[in-house]
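Okay, target24.csv now, which holds CSV, C-alpha atoms:
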```
chain,number,residue,atom,x,y,z
A,509,MET,CA,-38.7,-174.1,-103.5
A,510,ALA,CA,-35.5,-172.7,-104.9
A,511,VAL,CA,-33.7,-170.6,-102.3
A,512,VAL,CA,-31.7,-167.6,-103.7
A,513,ASP,CA,-29.6,-165.0,-102.0
A,514,VAL,CA,-30.9,-161.4,-102.0
A,515,ARG,CA,-28.2,-158.7,-102.6
A,516,ASN,CA,-28.3,-155.0,-102.3
A,517,LEU,CA,-26.8,-152.4,-104.7
A,518,GLN,CA,-23.6,-152.4,-102.7
A,519,GLY,CA,-23.1,-156.1,-103.6
A,520,GLU,CA,-23.8,-157.4,-100.0
A,521,THR,CA,-26.0,-160.4,-99.2
A,522,VAL,CA,-29.0,-159.1,-97.1
A,523,GLY,CA,-31.2,-162.2,-97.0
A,524,GLN,CA,-32.8,-165.0,-99.0
A,525,VAL,CA,-35.9,-165.5,-101.0
A,526,ASP,CA,-37.9,-168.7,-102.0
A,527,LEU,CA,-38.6,-168.8,-105.7
A,528,ALA,CA,-41.3,-171.0,-107.3
A,529,ASP,CA,-40.1,-174.3,-108.6
A,530,ALA,CA,-42.6,-174.2,-111.4
A,531,VAL,CA,-41.0,-171.1,-112.9
A,532,PHE,CA,-37.3,-171.1,-111.8
A,533,ALA,CA,-36.7,-174.8,-111.4
A,534,ALA,CA,-38.7,-176.2,-114.4
A,535,LYS,CA,-37.4,-178.7,-116.9
A,536,VAL,CA,-35.6,-176.9,-119.7
A,537,ASN,CA,-37.4,-177.5,-123.0
A,538,LEU,CA,-34.9,-176.8,-125.9
A,539,HIS,CA,-37.6,-177.2,-128.5
A,540,LEU,CA,-39.8,-174.5,-126.9
A,541,LEU,CA,-36.8,-172.1,-126.6
A,542,HIS,CA,-35.9,-172.6,-130.3
A,543,GLU,CA,-39.5,-171.9,-131.4
A,544,ALA,CA,-39.8,-168.8,-129.2
A,545,VAL,CA,-36.6,-167.3,-130.5
A,546,ARG,CA,-37.5,-168.1,-134.1
A,547,TRP,CA,-41.0,-166.5,-133.5
A,548,PHE,CA,-39.5,-163.4,-131.9
A,549,LEU,CA,-36.9,-162.8,-134.6
A,550,ALA,CA,-39.5,-163.3,-137.3
A,551,GLY,CA,-41.6,-160.5,-135.8
A,552,GLU,CA,-38.5,-158.2,-135.7
A,553,ARG,CA,-37.9,-158.4,-139.5
A,554,ALA,CA,-38.7,-155.3,-141.4
A,555,GLY,CA,-39.8,-157.0,-144.6
A,556,THR,CA,-39.2,-154.0,-146.8
A,557,HIS,CA,-37.3,-155.9,-149.5
A,558,LYS,CA,-38.5,-155.0,-153.0
A,559,THR,CA,-37.5,-155.8,-156.6
A,560,LYS,CA,-38.9,-154.2,-159.7
A,561,GLY,CA,-41.0,-156.3,-162.1
A,562,ARG,CA,-41.4,-156.0,-165.8
A,563,GLY,CA,-43.9,-153.2,-165.6
A,564,GLU,CA,-41.8,-151.1,-163.2
A,565,VAL,CA,-38.4,-150.9,-164.8
A,566,SER,CA,-37.6,-148.1,-167.2
A,567,GLY,CA,-37.7,-148.7,-170.9
A,568,SER,CA,-39.8,-148.2,-174.0
A,569,GLY,CA,-42.9,-150.3,-174.8
A,570,ARG,CA,-42.3,-150.5,-178.5
A,571,LYS,CA,-41.5,-153.7,-180.3
A,572,LEU,CA,-37.8,-153.6,-181.1
A,573,TRP,CA,-38.0,-155.2,-184.6
A,574,ARG,CA,-40.6,-157.0,-186.7
A,575,GLN,CA,-41.7,-160.4,-185.8
A,576,LYS,CA,-40.5,-162.3,-188.9
A,577,GLY,CA,-37.9,-162.0,-191.6
A,578,THR,CA,-34.9,-160.7,-189.7
A,579,GLY,CA,-33.5,-164.1,-188.7
A,580,ARG,CA,-33.3,-163.0,-185.0
A,581,ALA,CA,-35.3,-164.3,-182.1
A,582,ARG,CA,-38.7,-162.7,-181.7
A,583,VAL,CA,-38.9,-160.1,-179.0
A,584,GLY,CA,-41.7,-157.8,-177.8
A,585,SER,CA,-40.2,-155.5,-175.2
A,586,ILE,CA,-36.8,-154.3,-174.0
A,587,ARG,CA,-38.1,-154.7,-170.4
A,588,SER,CA,-38.2,-158.5,-170.7
A,589,SER,CA,-36.8,-160.4,-167.7
A,590,ILE,CA,-34.3,-162.3,-170.0
A,591,TRP,CA,-32.7,-159.0,-171.0
A,592,ARG,CA,-30.1,-157.0,-169.2
A,593,LYS,CA,-31.7,-154.3,-166.9
A,594,GLY,CA,-35.0,-156.1,-167.4
A,595,GLY,CA,-37.6,-156.8,-164.8
A,596,THR,CA,-37.2,-159.5,-162.1
A,597,VAL,CA,-39.5,-162.5,-162.1
A,598,HIS,CA,-40.8,-163.7,-158.8
A,599,GLY,CA,-38.6,-161.4,-156.8
A,600,PRO,CA,-39.1,-160.5,-153.1
A,601,GLN,CA,-41.9,-158.1,-152.3
A,602,PRO,CA,-42.7,-156.2,-149.1
A,603,ARG,CA,-44.5,-158.5,-146.6
A,604,SER,CA,-44.7,-159.2,-142.9
A,605,TYR,CA,-42.9,-162.3,-141.5
A,606,GLU,CA,-45.0,-162.3,-138.3
A,607,TYR,CA,-47.0,-165.4,-137.3
A,608,ARG,CA,-48.9,-166.5,-134.3
A,609,LEU,CA,-47.3,-168.7,-131.6
A,610,PRO,CA,-49.6,-170.2,-128.9
A,611,LYS,CA,-49.4,-168.3,-125.7
A,612,LYS,CA,-48.8,-171.4,-123.7
A,613,MET,CA,-45.7,-172.1,-125.8
A,614,VAL,CA,-44.3,-168.6,-125.1
A,615,LEU,CA,-44.9,-168.9,-121.3
A,616,GLY,CA,-43.4,-172.4,-121.3
A,617,ALA,CA,-40.3,-171.1,-123.1
A,618,LEU,CA,-40.1,-168.2,-120.6
A,619,ARG,CA,-40.1,-170.7,-117.7
A,620,SER,CA,-37.4,-172.7,-119.4
A,621,ALA,CA,-35.2,-169.6,-120.0
A,622,LEU,CA,-35.5,-168.5,-116.4
A,623,SER,CA,-34.8,-172.0,-115.1
A,624,ALA,CA,-31.7,-172.2,-117.3
A,625,LYS,CA,-30.4,-168.9,-116.1
A,626,LEU,CA,-30.8,-169.9,-112.4
A,627,SER,CA,-29.2,-173.4,-113.0
A,628,ASP,CA,-26.2,-171.6,-114.6
A,629,GLN,CA,-26.0,-169.2,-111.7
A,630,LYS,CA,-26.6,-166.2,-114.0
A,631,LEU,CA,-29.7,-164.9,-112.2
A,632,THR,CA,-29.4,-162.4,-109.4
A,633,VAL,CA,-32.1,-161.1,-107.1
A,634,VAL,CA,-31.7,-157.5,-105.8
A,635,ASP,CA,-33.6,-156.1,-102.9
A,636,GLY,CA,-34.7,-153.0,-104.9
A,637,TRP,CA,-33.6,-150.5,-107.5
A,638,THR,CA,-33.7,-147.4,-105.3
A,639,LEU,CA,-31.2,-145.1,-107.0
A,640,ASP,CA,-30.5,-141.7,-105.4
A,641,SER,CA,-29.9,-140.0,-108.8
A,642,HIS,CA,-30.5,-140.6,-112.5
A,643,LYS,CA,-26.8,-140.5,-113.4
A,644,THR,CA,-25.4,-143.3,-115.5
A,645,LYS,CA,-22.1,-143.3,-113.5
A,646,ASP,CA,-23.8,-144.4,-110.2
A,647,PHE,CA,-25.9,-147.1,-111.9
A,648,ARG,CA,-22.8,-148.4,-113.8
A,649,ALA,CA,-20.9,-148.7,-110.4
A,650,ALA,CA,-23.8,-150.6,-108.9
A,651,LEU,CA,-23.8,-153.1,-111.8
A,652,THR,CA,-20.1,-153.5,-111.4
A,653,ARG,CA,-20.5,-154.3,-107.7
A,654,LEU,CA,-23.2,-156.9,-108.5
A,655,ASP,CA,-21.4,-158.6,-111.4
A,656,GLY,CA,-18.6,-156.7,-113.2
A,657,GLU,CA,-17.6,-159.5,-115.5
A,658,THR,CA,-20.9,-159.7,-117.5
A,659,ARG,CA,-21.1,-157.4,-120.5
A,660,THR,CA,-24.8,-157.8,-121.2
A,661,VAL,CA,-27.3,-157.4,-118.4
A,662,LEU,CA,-31.1,-157.7,-118.4
A,663,VAL,CA,-32.8,-155.7,-115.6
A,664,VAL,CA,-36.5,-156.7,-114.9
A,665,GLU,CA,-38.3,-153.9,-113.0
A,666,GLY,CA,-41.8,-152.6,-113.0
A,667,PRO,CA,-42.8,-149.3,-114.6
A,668,GLY,CA,-42.5,-146.1,-112.7
A,669,ASN,CA,-38.8,-146.2,-111.7
A,670,HIS,CA,-37.8,-142.9,-113.4
A,671,ASN,CA,-34.2,-142.8,-112.2
A,672,LEU,CA,-33.5,-146.4,-113.4
A,673,GLU,CA,-34.9,-145.7,-116.8
A,674,LEU,CA,-32.8,-142.6,-117.3
A,675,ALA,CA,-29.6,-144.1,-115.9
A,676,SER,CA,-29.8,-147.3,-118.0
A,677,ARG,CA,-30.8,-145.9,-121.4
A,678,ASN,CA,-27.2,-144.8,-122.3
A,679,LEU,CA,-25.4,-148.0,-121.4
A,680,ASP,CA,-24.6,-150.4,-124.2
A,681,GLY,CA,-25.6,-154.0,-123.5
A,682,VAL,CA,-28.0,-153.1,-120.6
A,683,LYS,CA,-31.8,-153.4,-121.1
A,684,VAL,CA,-34.6,-152.6,-118.7
A,685,VAL,CA,-37.9,-154.4,-119.3
A,686,ALA,CA,-41.2,-154.7,-117.4
A,687,PRO,CA,-42.3,-158.2,-116.3
A,688,SER,CA,-45.3,-158.0,-118.7
A,689,ALA,CA,-42.9,-157.4,-121.7
A,690,LEU,CA,-40.4,-160.0,-120.8
A,691,GLN,CA,-39.5,-162.3,-123.7
A,692,PRO,CA,-37.5,-165.6,-123.7
A,693,TYR,CA,-35.3,-164.1,-126.4
A,694,ASP,CA,-34.2,-161.3,-124.1
A,695,VAL,CA,-33.5,-163.7,-121.2
A,696,LEU,CA,-31.3,-165.9,-123.5
A,697,ARG,CA,-29.5,-163.1,-125.2
A,698,HIS,CA,-28.2,-161.3,-122.1
A,699,GLY,CA,-25.5,-162.8,-120.0
A,700,ARG,CA,-27.0,-162.0,-116.6
A,701,VAL,CA,-30.6,-161.4,-115.4
A,702,LEU,CA,-31.1,-159.0,-112.5
A,703,LEU,CA,-34.5,-159.3,-110.8
A,704,SER,CA,-35.8,-157.2,-108.0
A,705,GLN,CA,-37.3,-159.2,-105.1
A,706,ASN,CA,-40.8,-158.0,-105.8
A,707,MET,CA,-40.5,-158.9,-109.5
A,708,ALA,CA,-39.2,-162.3,-108.8
A,709,LEU,CA,-42.1,-163.1,-106.5
A,710,HIS,CA,-44.5,-161.6,-109.1
A,711,LEU,CA,-43.1,-163.8,-111.9
A,712,GLY,CA,-43.5,-166.8,-109.6
A,713,ARG,CA,-47.2,-166.1,-109.1
A,714,SER,CA,-48.0,-165.1,-112.7
A,715,LEU,CA,-46.1,-167.9,-114.4
A,716,GLY,CA,-46.9,-170.6,-111.8
A,717,SER,CA,-48.9,-173.8,-112.3
A,718,GLY,CA,-52.2,-172.0,-112.7
A,719,ASN,CA,-53.9,-172.3,-109.3
A,720,GLY,CA,-55.9,-169.2,-110.1
A,721,GLU,CA,-57.2,-170.7,-113.3
A,722,ALA,CA,-58.3,-173.8,-111.5
A,723,ALA,CA,-60.2,-171.8,-108.9
A,724,ALA,CA,-61.9,-169.8,-111.6
A,725,GLY,CA,-62.9,-173.0,-113.3
A,726,THR,CA,-64.5,-174.4,-110.2
A,727,ALA,CA,-66.4,-171.1,-109.7
A,728,ILE,CA,-67.7,-171.4,-113.2
A,729,GLU,CA,-68.8,-175.0,-112.7
A,730,THR,CA,-70.8,-174.1,-109.5
A,731,ALA,CA,-72.5,-171.1,-111.3
A,732,ARG,CA,-73.9,-173.2,-114.1
A,733,PRO,CA,-77.8,-173.4,-114.2
A,734,ALA,CA,-79.6,-176.6,-113.3
A,735,ALA,CA,-80.1,-179.1,-116.2
A,736,LYS,CA,-83.5,-179.2,-117.8
A,737,PRO,CA,-85.6,-182.3,-117.3
A,738,ALA,CA,-85.3,-184.9,-120.0
A,739,GLU,CA,-87.9,-184.8,-122.6
A,740,SER,CA,-89.5,-187.9,-124.1
A,741,PRO,CA,-87.5,-189.0,-127.2
A,742,ARG,CA,-89.0,-188.4,-130.6
A,743,PRO,CA,-89.0,-191.2,-133.2
A,744,ARG,CA,-86.0,-191.1,-135.4
A,745,HIS,CA,-87.9,-190.5,-138.7
A,746,ALA,CA,-90.8,-188.6,-137.4
A,747,LYS,CA,-91.2,-185.0,-138.4
A,748,PRO,CA,-92.4,-182.2,-136.0
A,749,ALA,CA,-96.1,-181.5,-136.2
A,750,ALA,CA,-95.6,-178.0,-137.6
A,751,SER,CA,-93.5,-179.3,-140.5
A,752,ARG,CA,-96.0,-182.0,-141.6
A,753,VAL,CA,-97.5,-181.4,-145.1
A,754,LYS,CA,-101.3,-181.5,-145.1
A,755,PRO,CA,-102.9,-183.7,-147.8
A,756,LYS,CA,-104.7,-181.9,-150.6
A,757,SER,CA,-108.4,-182.3,-151.2
A,758,PRO,CA,-109.4,-184.7,-154.0
A,759,SER,CA,-111.0,-181.7,-155.9
A,760,ALA,CA,-107.8,-179.8,-155.9
A,761,ALA,CA,-105.8,-182.8,-157.1
A,762,LYS,CA,-104.6,-182.7,-160.7
A,763,PRO,CA,-106.1,-185.2,-163.1
A,764,PRO,CA,-103.9,-188.0,-164.4
A,765,ALA,CA,-102.4,-188.0,-167.8
A,766,ARG,CA,-105.0,-190.5,-169.3
A,767,ALA,CA,-107.9,-188.3,-168.2
A,768,LYS,CA,-106.3,-185.3,-169.9
A,769,ALA,CA,-105.9,-187.3,-173.2
A,770,LYS,CA,-109.6,-188.4,-173.1
A,771,LEU,CA,-110.8,-184.9,-172.6
A,772,LYS,CA,-108.7,-183.6,-175.5
A,773,ALA,CA,-110.0,-186.4,-177.8
A,774,LYS,CA,-113.6,-185.7,-176.9
A,775,ALA,CA,-113.2,-182.0,-177.6
A,776,LYS,CA,-111.6,-182.7,-180.9
A,777,SER,CA,-114.4,-185.1,-182.1
A,778,LYS,CA,-117.0,-182.5,-181.2
A,779,ALA,CA,-115.2,-179.9,-183.3
A,780,GLU,CA,-115.0,-182.2,-186.3
A,781,GLU,CA,-118.8,-183.0,-186.1
A,782,LYS,CA,-119.5,-179.3,-186.0
A,783,ASP,CA,-117.5,-178.8,-189.2
A,784,LYS,CA,-119.2,-181.6,-191.1
A,785,ALA,CA,-122.7,-180.5,-190.2
A,786,PRO,CA,-124.4,-178.6,-193.3
A,787,ARG,CA,-124.7,-175.0,-193.0
A,788,GLN,CA,-128.2,-173.5,-193.2
A,789,LYS,CA,-128.8,-170.6,-195.5
A,790,PRO,CA,-130.3,-167.5,-194.0
```
Mind turning the file's structure into structure tokens?
Amino acid sequence: MAVVDVRNLQGETVGQVDLADAVFAAKVNLHLLHEAVRWFLAGERAGTHKTKGRGEVSGSGRKLWRQKGTGRARVGSIRSSIWRKGGTVHGPQPRSYEYRLPKKMVLGALRSALSAKLSDQKLTVVDGWTLDSHKTKDFRAALTRLDGETRTVLVVEGPGNHNLELASRNLDGVKVVAPSALQPYDVLRHGRVLLSQNMALHLGRSLGSGNGEAAAGTAIETARPAAKPAESPRPRHAKPAASRVKPKSPSAAKPPARAKAKLKAKAKSKAEEKDKAPRQKP
């Protein structure tokens, strides 16, 4: 367990706290940090770029001159992309640059960022952000006593601290975030990270090795129903009884082609004999 000193708002050391090694002493993965920063910045892009196409620029739709006989190149519109002030071909259009990054990669990058800050001695644990007033001057003085050399500071504190939110919103380079909204980009961008003691322990539990998930998995395993008894295997090519086709009766079977031809020939011969027979006068 990593042991870190706990300081108060006066800059004095008041104790020590043990931080989880899985979160604050993990191996720094530079590839995960790069992917997390790239993903975060892509989501921050506005994507409002726009160029006008051939059908959007101003200009007449008439044909400028006849197709043949002038000696000039054929042209159909003044808004063509090869003309000055014409439309843009394949220009940028409004779109979103967001994409999905697996949650495990984001959490791994957050562990790497916190571990890198602690190894560089740029992570400070504070006993609590109990401010007497909401004035920015008092909060700025407390930050100076904790670390007056750092220009950018990231304060991690849970929601509900109204004085801290009001005192920090007018300071350039100071950002207050909740632990649920903490991003690896914010940790890397700011020079120093200030954690309250409760938030440090909370991050150690929520970003830990996943003991809670393992316990939940065992509970799911024990709650599974008993397996059904094995049934006798069915032959590979056998069909179920309901799907078997019943054979047709011989009377309902269709006559073969030869029988049809004999019947037609017999009927034809009877018709010819009837025509040859002499007709009797009435």
Q. If you count only C-alpha atoms, which residues fall within 12 Å of A:Asp680, apart from same-chain ones fewer than 2 positions away, as a list in words?
A. Thr644, Arg648, Arg659, Thr660, Val661, Leu662, Ala675, Ser676, Arg677, Asn678, Val682, Lys683, Val684 and His698 of chain A
Q: Quick one: pull the distance between atom CA of A:Ser589 and atom CA of A:Arg562, Å, one decimal.
A: 6.6 Å
Q.
For a quick check of understanding, using only C-alpha atoms, which of A:Leu626, A:Val664, A:Val583, A:Leu541 has the smallest distance to A:Val511?
A.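 Among A:Leu626, A:Val664, A:Val583, A:Leu541, it is A:Leu626 that comes nearest to A:Val511.
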Listed atoms of stretch 582-591 of chain A boxed axis-aligned with 4 Å per side, centre + edges as JSON:
```
{"center_x": -37.2, "center_y": -158.5, "center_z": -174.7, "size_x": 17.0, "size_y": 16.4, "size_z": 22.0}
```
Q | Among listed residues A:Leu703, A:Leu674, A:Ala708, A:Val545, nearest A:Gln691 (using only C-alpha atoms) | A |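 Distance minimum relative to A:Gln691 lands on A:Val545.
With distances taken over all atoms listed in the file, A:Asp635 is the one residue among A:Glu543, A:Asp635, A:Glu564, A:Glu520 lying closest to A:Asn706.
Using only C-alpha atoms, the nearest neighbour of A:Asp628 within the list A:Leu527, A:Leu709, A:Met613, A:Val701 is A:Val701.
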Q: Can you pull out every residue within 7 Å of A:Gln524, counting all atoms listed in the file, but drop anything in the same chain fewer than 2 positions away, and send it as a list in words?
A: Val511, Val512, Asp513, Val514 and Asp526 of chain A
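Ranking A:Ser620, A:Ser704, A:Ser566, A:Trp573 by their shortest atom-to-atom distance to A:Ala530, with all atoms listed in the file included, puts A:Ser620 first.
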Q) Of the candidates A:His598, A:His557, A:Lys576, A:His542, which one gets nearest to A:Leu618 if we count only C-alpha atoms? A) A:His542
Q: Provide the atom CA of A:Val522 to atom CA of A:Lys645 distance in Å, to one decimal place.
A: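 Going from atom CA of A:Val522 over to atom CA of A:Lys645, I get 23.8 Å.
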Q.
What's the separation between atom CA of A:Gly636 and atom CA of A:Arg697, in Å to one decimal place?
A.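 Calculated distance between atom CA of A:Gly636 and atom CA of A:Arg697 is 23.3 Å.
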